[in-house]
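Asker: Below you will find the structure I want to go over with you.
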Amino acid sequence: MLKTEPKVDFIIQANSPLHTLKVIKRDGRKVNFDAQKIYAALFKAAETIQLSSELATSEHIQSIVKKISNEIEHRFHEDIKIYEIQNVVEHILLEQKEHALAQEYIKYRTQRDFARSEATDINVTIGKLMDKDQAVVNENANKDSDVFNTQRDLTAGIVGKSIGLKLLPPHVANAHQKGDIHYHDLDYHPYTPMTNCCLIDFKRMLNNGFNIGNAEVEPPKSIQTATAQISQIIANVASSQYGGCSADRVDELLAPFAKLNYEKHLKDAKNWIEDTKKHDEFAKAKTQKDIYDAMQSLEYEINTLFTSNGQTPFTSLGFGLGEDWFEREIQKAILQIRIQGLGSEKRTAIFPKLIFTLKKGVNLAPEDPNYDIKKLALECATKRMYPDILNYDKLVEITGSFKVPMGCRSFLQGWKNEAGEEVNVGRMNLGVVTVNLPRIAMESQGDKEKFWKILEERLQIAKDALAYRVKRCKEATPANAPILYMNGAFGKRLSKTDSVDELFKNKRATVSLGYIGLYEVASVFYGGEWETNPEAKQFTLDILKDMKEHTDLWGEESGYHYSLYSTPSESLTDRFCRLDTEKFGCVENITDKEYYTNSFHYDVRKNPTPFEKLAFEQEYPKYCSGGFIHYCEYPVLQQNPKALEAVWDFAYDKIGYLGTNTPIDHCYDCGYDGDFEPTERGFKCPSCGNDDPKTCDVVKRTCGYLGNPQARPMVHGRHQEISSRKKHMK
């Protein structure tokens with residue numbers, strides 16, 4: 001449980017000006033005067049310097065706070081600025097001869113002033129980059145900080161963050177810097193009015209043609225050309241936004257182009273083969289190879305691409321619903337190629353993320369026509385962790401329509417255009433702002449009424465931050481990103497003079513309120529073993545319900561779709577915990593772990609069965625339908641795909657989106673296959689101790705995506721979280 005300092009116990013008289021006194025904060029906001037905040041600061045200062053037992057007592061600090069409050073009551077009757085309160089505190093401390101306490105209080109305040117200043121000082125952050133500070137160079141596990149274009153992007157990002165903090169509304173920038181909220185992707189936005197992630201409208205781009213750079217690209221006449229064009233579109237889209245991009249139902253998308261290959265080969269067969277019975281066999285054999293080669297080329301091209309920001313594009317391919325011969329062959333090729341691995345060493349491909357859809361009557365049961373492909377998907381997941389799975393019926397229930405996520409987990413909600421047609425592809429997300437829930441819980445000191453009050457205050461700041469994201473995105477022009485706005489990736493093709501808001505308004509786009517650490521929140525109130533306590537679980541559900549009600553209201557007020565989103569928290573799991581450790585110290589089950597738990601997930605240090613874990617988590621996504629994923633940790637599964645199938649089948653009508661985490665690490669020195677052991681900064685082979693990324697292949701699930709932490713290290717908190725994960729099946 002959280003250790004809390006005693007509360008002020010003196011009573012402010014009802015007629016006191018302190019009841020109506022407003023404190024003007026540095027960011028311009030006005031809040032009610034709260035003597036408890038002065039008390040908390042002095043109590044912490046006393047503990048920090050370990051003053052005498054007399055001063056460290058609550059009663060002694062209470063008397064000092066009472067004198068400070070009386071002085072403020074005497075001198076101020078309407079508004080008081082924050083620095084004026086600080087001056088009064090320092091004056092009373094010196095008057096009371098509390099020199100050591102005054103020195104510590106002033107030291108802390110000065111440190112906070114320096115920290116705020118350094119956040120917008122480019123020279124300070126450039127220094128951290130040059131010194132290879134983990135929090136700077138390993139913030140994104142998909143970026144190799146040793147290569148020049150990544151270093152250039154990191155440098156540009158430092159400038160972007162500095163300018164972005166100055167562009168933000170002051171109270172939003174202040175809340176971000178303190179760690180109350182996190183304004184995501186500050187290295188790109190709001191300095192540039194970029195959007196986040198999207199579902200690319202590949203179908204209309206391929207069928208109607210498009211422009212890239214100086215080239216006018218015509219519709220493809222074969223599946224090989226179609227996949228080549230897809231890779232070029234992905235590269236350009238990824239360079240024009242900062243989040244992930246997805247191809248929805250790629251098997252159905254590419255099948256018509258594979259059919260063109262078949263028709264060409266059939267024509268050749270008719271010209272050169274006399275036996276008419278062999279025409280179809282010949283054409284299908286040639287087309288099957290074309291499909292395999294095209295999908296293999298797409299996999300290699302995506303993994304060899306580098307966007308302008310120095311990373312492989314965060315790309316996802318959704319497939320699994322197609323039932324004709326061409327669609328089935330595309331599905332099989334995707335899975336077979338992933339099983340085969342990349343290059344001569346057969347390494348696991350990190351991208352594209354594969355997302356396979358399960359659907360009753362299509363591939364779920366042995367009697368379904370595509371059950372054989374489900375078995376291939378199971379084999380692939382045991383060997384390469386991907387594909388993740390979408391459960392068709394449950395996803396429609398949760399989000400209102402079927403589609404893959406944009407990137408790793410951001411889901412669009414069901415939406416129809418003015419003609420009443422359902423539209424999914426060509427839509428996008430405008431960005432995320434995440435609320436630090438564990439901090440609110442610790443600030444409330446176990447008082448639920450205070451928790452809800454602070455949450456309401458933070459949600460209003462988050463609302464302002466999200467509204468600013470929308471406003472800034474609307475300031476882009478179609479010419480800023482032609483591939484998105486003018487050449488079809490975002491569905492409609494705008495002219496240079498059109499407003500990009502045509503693609504955002506009326507809830508066509510989403511903007512997301514994120515959250516982190518429900519496990520830690522409940523631990524403050526109920527202890528670290530709360531998962532079996534129905535009251536504790538209901539409290540966490542009530543939090544998401546409350547946040548969902550807020551986003552729904554904001555959407556109705558604004559005409560933009562505000563969604564509740566389970567933040568991936570790749571680096572945020574580290575940042576929030578690190579900041580809160582500075583603020584609250586080492587708190588059992590909360591900051592002592594050195595990471596915060598992702599979204600609604602079961603504590604990773606515990607080992608329920610997969611069935612228990614998924615049953616526990618299944619109630620949460622209906623509130624956070626703007627983004628979520630479940631996963632289970634397994635031992636080596638390659639010889640036991642039936643065990644994984646049992647979990648998939650159990651999950652079908654319970655959850656919408658499920659990932660597989662199983663050991664697939666490989667040492668090329670000694671041949672070991674399995675789970676590498678965590679070290680201080682990476683992982684090593686448990687057999688021979690090898691930790692050289694050139695001779696070992698280490699693949700872990702970073703969050704929604706996989707990562708290779710040996711080649712591209714992660715921030716400390718994420719590494720700690722991965723190292724703490726326990727298996728859910730033995």
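Numbering starts fresh at 1 for the residues of each chain in the structure tokens, the chains themselves are lettered A, B, ... in the order given, and ligands are numbered from 1 as they appear.
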Go through segment 597-699 of chain A residue by residue and, counting only C-alpha atoms, keep those with an atom at most 7 Å from segment 379-395 of chain A; for each kept residue give the shortest atom pair and its distance in Å to one decimal, ordered by chain and increasing number, as a Markdown table.

Answerer:
```
| residue | atom | partner | partner_atom | distance |
| --- | --- | --- | --- | --- |
| A:Leu637 | CA | A:Thr382 | CA | 5.2 |
| A:Gln638 | CA | A:Thr382 | CA | 5.0 |
| A:Pro641 | CA | A:Glu379 | CA | 6.3 |
| A:Tyr652 | CA | A:Asn391 | CA | 5.5 |
| A:Asp653 | CA | A:Lys394 | CA | 5.8 |
| A:Lys654 | CA | A:Lys394 | CA | 6.8 |
| A:Ile655 | CA | A:Lys394 | CA | 6.2 |
| A:Gly656 | CA | A:Leu395 | CA | 4.6 |
| A:Tyr657 | CA | A:Leu390 | CA | 4.7 |
| A:Leu658 | CA | A:Ile389 | CA | 5.3 |
| A:Gly659 | CA | A:Asp388 | CA | 4.5 |
| A:Thr660 | CA | A:Met385 | CA | 5.4 |
| A:Asn661 | CA | A:Met385 | CA | 6.0 |
| A:Thr662 | CA | A:Met385 | CA | 6.4 |
| A:Ile664 | CA | A:Lys383 | CA | 6.3 |
```

Asker: I need the chosen residues saved as a PDB file, in the first residue's frame, with C-alpha atoms.

Answerer:
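Just written: selection-v5.pdb:
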```
ATOM      1  CA  LEU A 637       4.989 -23.790 -28.488  1.00  0.00           C
ATOM      2  CA  GLN A 638       6.484 -25.065 -31.728  1.00  0.00           C
ATOM      3  CA  PRO A 641       0.200 -25.687 -31.742  1.00  0.00           C
ATOM      4  CA  TYR A 652     -13.165 -16.122 -29.933  1.00  0.00           C
ATOM      5  CA  ASP A 653     -16.400 -14.874 -28.352  1.00  0.00           C
ATOM      6  CA  LYS A 654     -14.700 -13.091 -25.439  1.00  0.00           C
ATOM      7  CA  ILE A 655     -12.080 -10.696 -26.811  1.00  0.00           C
ATOM      8  CA  GLY A 656     -11.514  -8.926 -30.112  1.00  0.00           C
ATOM      9  CA  TYR A 657      -7.736  -8.822 -30.522  1.00  0.00           C
ATOM     10  CA  LEU A 658      -5.089 -11.237 -29.250  1.00  0.00           C
ATOM     11  CA  GLY A 659      -1.315 -11.499 -29.552  1.00  0.00           C
ATOM     12  CA  THR A 660       0.990 -14.444 -28.984  1.00  0.00           C
ATOM     13  CA  ASN A 661       4.191 -14.119 -26.914  1.00  0.00           C
ATOM     14  CA  THR A 662       6.364 -17.226 -27.079  1.00  0.00           C
ATOM     15  CA  ILE A 664      11.632 -17.699 -30.475  1.00  0.00           C
TER      16      ILE A 664
END
```

Asker: Give me every strand (DSSP E) residue in segment 445-591 of chain A, going by DSSP on the backbone, as a short mmCIF file (atom, residue, chain, number, x, y, z; two decimals) with N, CA and C atoms, in the first residue's frame.

Answerer:
```
data_model
loop_
_atom_site.label_atom_id
_atom_site.label_comp_id
_atom_site.auth_asym_id
_atom_site.auth_seq_id
_atom_site.Cartn_x
_atom_site.Cartn_y
_atom_site.Cartn_z
N THR A 510 -10.37 10.02 -35.83
CA THR A 510 -10.41 9.87 -34.37
C THR A 510 -9.27 10.68 -33.75
N VAL A 511 -9.45 11.06 -32.50
CA VAL A 511 -8.38 11.63 -31.68
C VAL A 511 -8.53 10.98 -30.31
N SER A 512 -7.42 10.57 -29.69
CA SER A 512 -7.51 9.57 -28.63
C SER A 512 -7.03 10.05 -27.27
N LEU A 513 -7.85 9.76 -26.27
CA LEU A 513 -7.49 9.94 -24.86
C LEU A 513 -6.90 8.62 -24.37
N GLY A 514 -5.61 8.62 -24.03
CA GLY A 514 -4.96 7.41 -23.57
C GLY A 514 -4.90 7.33 -22.05
N TYR A 515 -4.59 6.13 -21.56
CA TYR A 515 -4.43 5.92 -20.12
C TYR A 515 -3.40 4.81 -19.91
N ILE A 516 -2.86 4.76 -18.72
CA ILE A 516 -1.87 3.75 -18.37
C ILE A 516 -2.03 3.37 -16.91
N HIS A 561 -14.35 12.62 -33.49
CA HIS A 561 -14.51 11.40 -32.70
C HIS A 561 -13.40 11.27 -31.67
N TYR A 562 -13.73 11.57 -30.42
CA TYR A 562 -12.81 11.35 -29.31
C TYR A 562 -12.98 9.91 -28.84
N SER A 563 -11.88 9.16 -28.82
CA SER A 563 -11.96 7.76 -28.42
C SER A 563 -11.09 7.51 -27.21
N LEU A 564 -11.44 6.50 -26.41
CA LEU A 564 -10.62 6.10 -25.28
C LEU A 564 -9.70 4.98 -25.75
N TYR A 565 -8.40 5.10 -25.42
CA TYR A 565 -7.34 4.35 -26.07
C TYR A 565 -6.39 3.77 -25.04
N SER A 566 -6.12 2.48 -25.14
CA SER A 566 -5.18 1.82 -24.24
C SER A 566 -3.76 2.04 -24.77
#
```

Asker: When distances are computed from only C-alpha atoms, which of A:Leu186, A:Val524, A:Ile291, A:Ala283 shows the smallest separation from Lys267 of chain A?

Answerer: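 Closest residue, counting only C-alpha atoms: A:Ala283.
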
Asker: For segment 590-600 of chain A, find every residue with an atom within 6 Å (counting only C-alpha atoms), except residues of its own chain fewer than 6 positions away, and show them as an mmCIF file with N, CA, C and O atoms, in the first residue's frame.

Answerer:
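File produced: part_27.cif:
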```
data_model
loop_
_atom_site.group_PDB
_atom_site.id
_atom_site.type_symbol
_atom_site.label_atom_id
_atom_site.label_comp_id
_atom_site.auth_asym_id
_atom_site.auth_seq_id
_atom_site.Cartn_x
_atom_site.Cartn_y
_atom_site.Cartn_z
ATOM 1 N N ILE A 516 -2.860 4.757 -18.721
ATOM 2 C CA ILE A 516 -1.866 3.753 -18.371
ATOM 3 C C ILE A 516 -2.034 3.371 -16.909
ATOM 4 O O ILE A 516 -2.480 4.169 -16.088
ATOM 5 N N GLY A 517 -1.738 2.108 -16.578
ATOM 6 C CA GLY A 517 -1.540 1.711 -15.195
ATOM 7 C C GLY A 517 -2.756 1.463 -14.341
ATOM 8 O O GLY A 517 -2.764 1.843 -13.167
ATOM 9 N N LEU A 518 -3.787 0.781 -14.858
ATOM 10 C CA LEU A 518 -4.914 0.447 -13.984
ATOM 11 C C LEU A 518 -4.473 -0.486 -12.856
ATOM 12 O O LEU A 518 -5.008 -0.417 -11.739
ATOM 13 N N GLU A 520 -1.667 -0.412 -11.196
ATOM 14 C CA GLU A 520 -1.065 0.403 -10.143
ATOM 15 C C GLU A 520 -2.114 1.226 -9.401
ATOM 16 O O GLU A 520 -2.026 1.413 -8.181
ATOM 17 N N SER A 566 -6.121 2.480 -25.140
ATOM 18 C CA SER A 566 -5.177 1.816 -24.238
ATOM 19 C C SER A 566 -3.762 2.037 -24.767
ATOM 20 O O SER A 566 -3.278 1.287 -25.604
ATOM 21 N N THR A 573 5.855 3.898 -20.236
ATOM 22 C CA THR A 573 5.906 3.026 -19.064
ATOM 23 C C THR A 573 7.115 3.354 -18.206
ATOM 24 O O THR A 573 7.096 3.198 -16.985
ATOM 25 N N ASP A 574 8.171 3.855 -18.845
ATOM 26 C CA ASP A 574 9.382 4.288 -18.153
ATOM 27 C C ASP A 574 9.246 5.723 -17.657
ATOM 28 O O ASP A 574 9.506 6.008 -16.488
ATOM 29 N N CYS A 577 6.720 6.402 -14.675
ATOM 30 C CA CYS A 577 7.194 5.761 -13.444
ATOM 31 C C CYS A 577 8.427 6.479 -12.902
ATOM 32 O O CYS A 577 8.560 6.674 -11.683
ATOM 33 N N THR A 581 8.567 8.260 -9.334
ATOM 34 C CA THR A 581 9.534 7.836 -8.331
ATOM 35 C C THR A 581 10.218 9.046 -7.712
ATOM 36 O O THR A 581 10.451 9.102 -6.498
ATOM 37 N N GLY A 717 12.582 1.224 -18.451
ATOM 38 C CA GLY A 717 11.312 0.733 -17.924
ATOM 39 C C GLY A 717 10.697 -0.352 -18.772
ATOM 40 O O GLY A 717 10.165 -1.341 -18.253
#
```

Asker: Atom CA of Asp546 of chain A and atom CA of Gly627 of chain A are how many Å apart?

Answerer: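 Going from atom CA of Asp546 of chain A over to atom CA of Gly627 of chain A covers 16.4 Å.
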
Asker: Can you tell me how far atom CA of Leu42 of chain A sits from atom CA of Gln62 of chain A, in Å to one decimal?

Answerer: 9.6 Å

Asker: Sort by chain and increasing residue number a table of all residues of segment 436-538 of chain A within 12 Å of segment 214-222 of chain A, each with its closest pair of atoms and their distance in Å to one decimal, counting only C-alpha atoms, and write it as CSV.

Answerer:
```
residue,atom,partner,partner_atom,distance
A:Pro482,CA,A:Asn214,CA,11.7
A:Ile483,CA,A:Glu216,CA,11.9
A:Asn487,CA,A:Glu216,CA,10.2
```

Asker: Take the selection from the previous step and output its residues with all heavy atoms, as an mmCIF file, in the first residue's frame.

Answerer:
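result.cif was written with the following content:
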```cif
data_model
loop_
_atom_site.group_PDB
_atom_site.id
_atom_site.type_symbol
_atom_site.label_atom_id
_atom_site.label_comp_id
_atom_site.auth_asym_id
_atom_site.auth_seq_id
_atom_site.Cartn_x
_atom_site.Cartn_y
_atom_site.Cartn_z
ATOM 1 N N PRO A 482 0.961 15.469 -50.079
ATOM 2 C CA PRO A 482 0.144 15.108 -51.258
ATOM 3 C C PRO A 482 -0.296 13.653 -51.267
ATOM 4 O O PRO A 482 -1.423 13.349 -51.662
ATOM 5 C CB PRO A 482 1.084 15.420 -52.432
ATOM 6 C CG PRO A 482 2.013 16.459 -51.913
ATOM 7 C CD PRO A 482 2.221 16.123 -50.464
ATOM 8 N N ILE A 483 0.563 12.740 -50.809
ATOM 9 C CA ILE A 483 0.203 11.324 -50.842
ATOM 10 C C ILE A 483 -1.031 11.058 -49.985
ATOM 11 O O ILE A 483 -1.860 10.209 -50.312
ATOM 12 C CB ILE A 483 1.385 10.444 -50.368
ATOM 13 C CG1 ILE A 483 1.093 8.966 -50.594
ATOM 14 C CG2 ILE A 483 1.715 10.695 -48.909
ATOM 15 C CD1 ILE A 483 1.105 8.532 -52.011
ATOM 16 N N ASN A 487 -3.543 12.404 -53.278
ATOM 17 C CA ASN A 487 -3.325 11.226 -54.120
ATOM 18 C C ASN A 487 -3.987 9.962 -53.605
ATOM 19 O O ASN A 487 -3.700 8.871 -54.085
ATOM 20 C CB ASN A 487 -1.825 11.000 -54.320
ATOM 21 C CG ASN A 487 -1.193 12.125 -55.113
ATOM 22 O OD1 ASN A 487 -1.781 12.648 -56.043
ATOM 23 N ND2 ASN A 487 0.015 12.525 -54.716
#
```

Asker: Env of Lys642 of chain A: 12 Å cut, atoms = only C-alpha atoms, seq-sep filter 2 positions within chain, self excluded. Answer as a list of chain:residue names.

Answerer: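 Listing them by chain and then by number gives A:Lys374, A:Lys375, A:Leu376, A:Ala377, A:Leu378, A:Glu379, A:Ala381, A:Thr382, A:Leu637, A:Gln638, A:Gln639, A:Asn640, A:Leu644, A:Glu645, A:Ala646, A:Val647, A:Trp648, A:Asp649.
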
Asker: Would you write out those residues with N, CA and C atoms, as a short mmCIF file (atom, residue, chain, number, x, y, z; two decimals), in the first residue's frame?

Answerer:
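Final output, out-v7.cif:
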```cif
data_model
loop_
_atom_site.label_atom_id
_atom_site.label_comp_id
_atom_site.auth_asym_id
_atom_site.auth_seq_id
_atom_site.Cartn_x
_atom_site.Cartn_y
_atom_site.Cartn_z
N LYS A 374 -6.02 -21.61 -41.00
CA LYS A 374 -5.91 -21.37 -39.56
C LYS A 374 -4.78 -22.21 -38.96
N LYS A 375 -4.67 -23.47 -39.39
CA LYS A 375 -3.60 -24.34 -38.89
C LYS A 375 -2.24 -23.80 -39.28
N LEU A 376 -2.14 -23.24 -40.49
CA LEU A 376 -0.88 -22.63 -40.93
C LEU A 376 -0.58 -21.38 -40.10
N ALA A 377 -1.62 -20.63 -39.78
CA ALA A 377 -1.44 -19.43 -38.94
C ALA A 377 -0.97 -19.82 -37.55
N LEU A 378 -1.49 -20.92 -37.01
CA LEU A 378 -1.04 -21.40 -35.71
C LEU A 378 0.43 -21.80 -35.74
N GLU A 379 0.83 -22.50 -36.79
CA GLU A 379 2.24 -22.86 -36.93
C GLU A 379 3.12 -21.62 -36.99
N ALA A 381 2.49 -18.61 -35.79
CA ALA A 381 2.52 -17.92 -34.50
C ALA A 381 3.44 -18.62 -33.51
N THR A 382 3.51 -19.95 -33.55
CA THR A 382 4.40 -20.66 -32.63
C THR A 382 5.86 -20.45 -32.99
N LEU A 637 6.24 -23.18 -28.00
CA LEU A 637 4.99 -23.79 -28.49
C LEU A 637 5.14 -24.54 -29.81
N GLN A 638 6.34 -24.56 -30.37
CA GLN A 638 6.48 -25.07 -31.73
C GLN A 638 6.05 -26.52 -31.89
N GLN A 639 6.15 -27.29 -30.82
CA GLN A 639 5.73 -28.69 -30.88
C GLN A 639 4.30 -28.88 -30.36
N ASN A 640 3.65 -27.76 -30.03
CA ASN A 640 2.32 -27.88 -29.41
C ASN A 640 1.35 -26.80 -29.91
N LEU A 644 -2.03 -23.63 -28.38
CA LEU A 644 -2.34 -22.26 -28.79
C LEU A 644 -3.73 -22.19 -29.40
N GLU A 645 -4.11 -23.20 -30.17
CA GLU A 645 -5.45 -23.21 -30.77
C GLU A 645 -6.52 -23.23 -29.69
N ALA A 646 -6.27 -23.92 -28.60
CA ALA A 646 -7.25 -23.97 -27.50
C ALA A 646 -7.49 -22.58 -26.94
N VAL A 647 -6.42 -21.78 -26.85
CA VAL A 647 -6.57 -20.41 -26.35
C VAL A 647 -7.31 -19.56 -27.38
N TRP A 648 -6.95 -19.68 -28.65
CA TRP A 648 -7.63 -18.92 -29.70
C TRP A 648 -9.13 -19.22 -29.69
N ASP A 649 -9.47 -20.49 -29.60
CA ASP A 649 -10.89 -20.87 -29.63
C ASP A 649 -11.62 -20.35 -28.39
#
```

Asker: Rank nothing, just name the residue among A:Asp293, A:Asp201, A:Glu680, A:Asp79 nearest to Asp248 of chain A, using only C-alpha atoms.

Answerer: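 Of A:Asp293, A:Asp201, A:Glu680, A:Asp79, the one nearest Asp248 of chain A is A:Asp201, counting only C-alpha atoms.
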
Asker: Distance atom CA of Gly528 of chain A-atom CA of Ser571 of chain A, one decimal place?

Answerer: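 For atom CA of Gly528 of chain A relative to atom CA of Ser571 of chain A, the distance reads 23.1 Å.
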
Asker: Please list as a list in words every residue within 12 Å of Gln86 of chain A, counting only C-alpha atoms and excluding residues in the same chain fewer than 6 positions away.

Answerer: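 Here the qualifying residues turn out to be Val23, Lys25, Lys37, Ile38, Ala41, Leu42, Ile68, Ser69, Ile72, Ile80, Ile92, Leu93, Ala102, Tyr105, Ile106, Tyr108, Arg109 and Thr110 of chain A.
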
Asker: Keeping C-alpha atoms for every residue in the selection just given, could you write it to a file as a PDB file, in the first residue's frame?

Answerer:
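Produced file out.pdb, reproduced below:
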```
ATOM      1  CA  VAL A  23      -4.128  30.431  -6.806  1.00  0.00           C
ATOM      2  CA  LYS A  25      -0.479  28.863 -11.472  1.00  0.00           C
ATOM      3  CA  LYS A  37      -0.096  20.997  -0.845  1.00  0.00           C
ATOM      4  CA  ILE A  38       2.086  23.246   1.326  1.00  0.00           C
ATOM      5  CA  ALA A  41       5.955  19.845   0.307  1.00  0.00           C
ATOM      6  CA  LEU A  42       7.279  20.597   3.790  1.00  0.00           C
ATOM      7  CA  ILE A  68       1.725  30.237   6.559  1.00  0.00           C
ATOM      8  CA  SER A  69      -2.038  30.021   5.971  1.00  0.00           C
ATOM      9  CA  ILE A  72      -1.740  34.368   3.340  1.00  0.00           C
ATOM     10  CA  ILE A  80      -2.544  34.890  -5.257  1.00  0.00           C
ATOM     11  CA  ILE A  92       7.774  31.985   7.648  1.00  0.00           C
ATOM     12  CA  LEU A  93      10.433  29.236   7.644  1.00  0.00           C
ATOM     13  CA  ALA A 102      13.958  26.433   4.235  1.00  0.00           C
ATOM     14  CA  TYR A 105      12.366  23.764   0.216  1.00  0.00           C
ATOM     15  CA  ILE A 106      14.175  26.428  -1.815  1.00  0.00           C
ATOM     16  CA  TYR A 108      13.561  21.686  -4.534  1.00  0.00           C
ATOM     17  CA  ARG A 109      11.708  24.703  -5.954  1.00  0.00           C
ATOM     18  CA  THR A 110      14.843  25.849  -7.793  1.00  0.00           C
TER      19      THR A 110
END
```
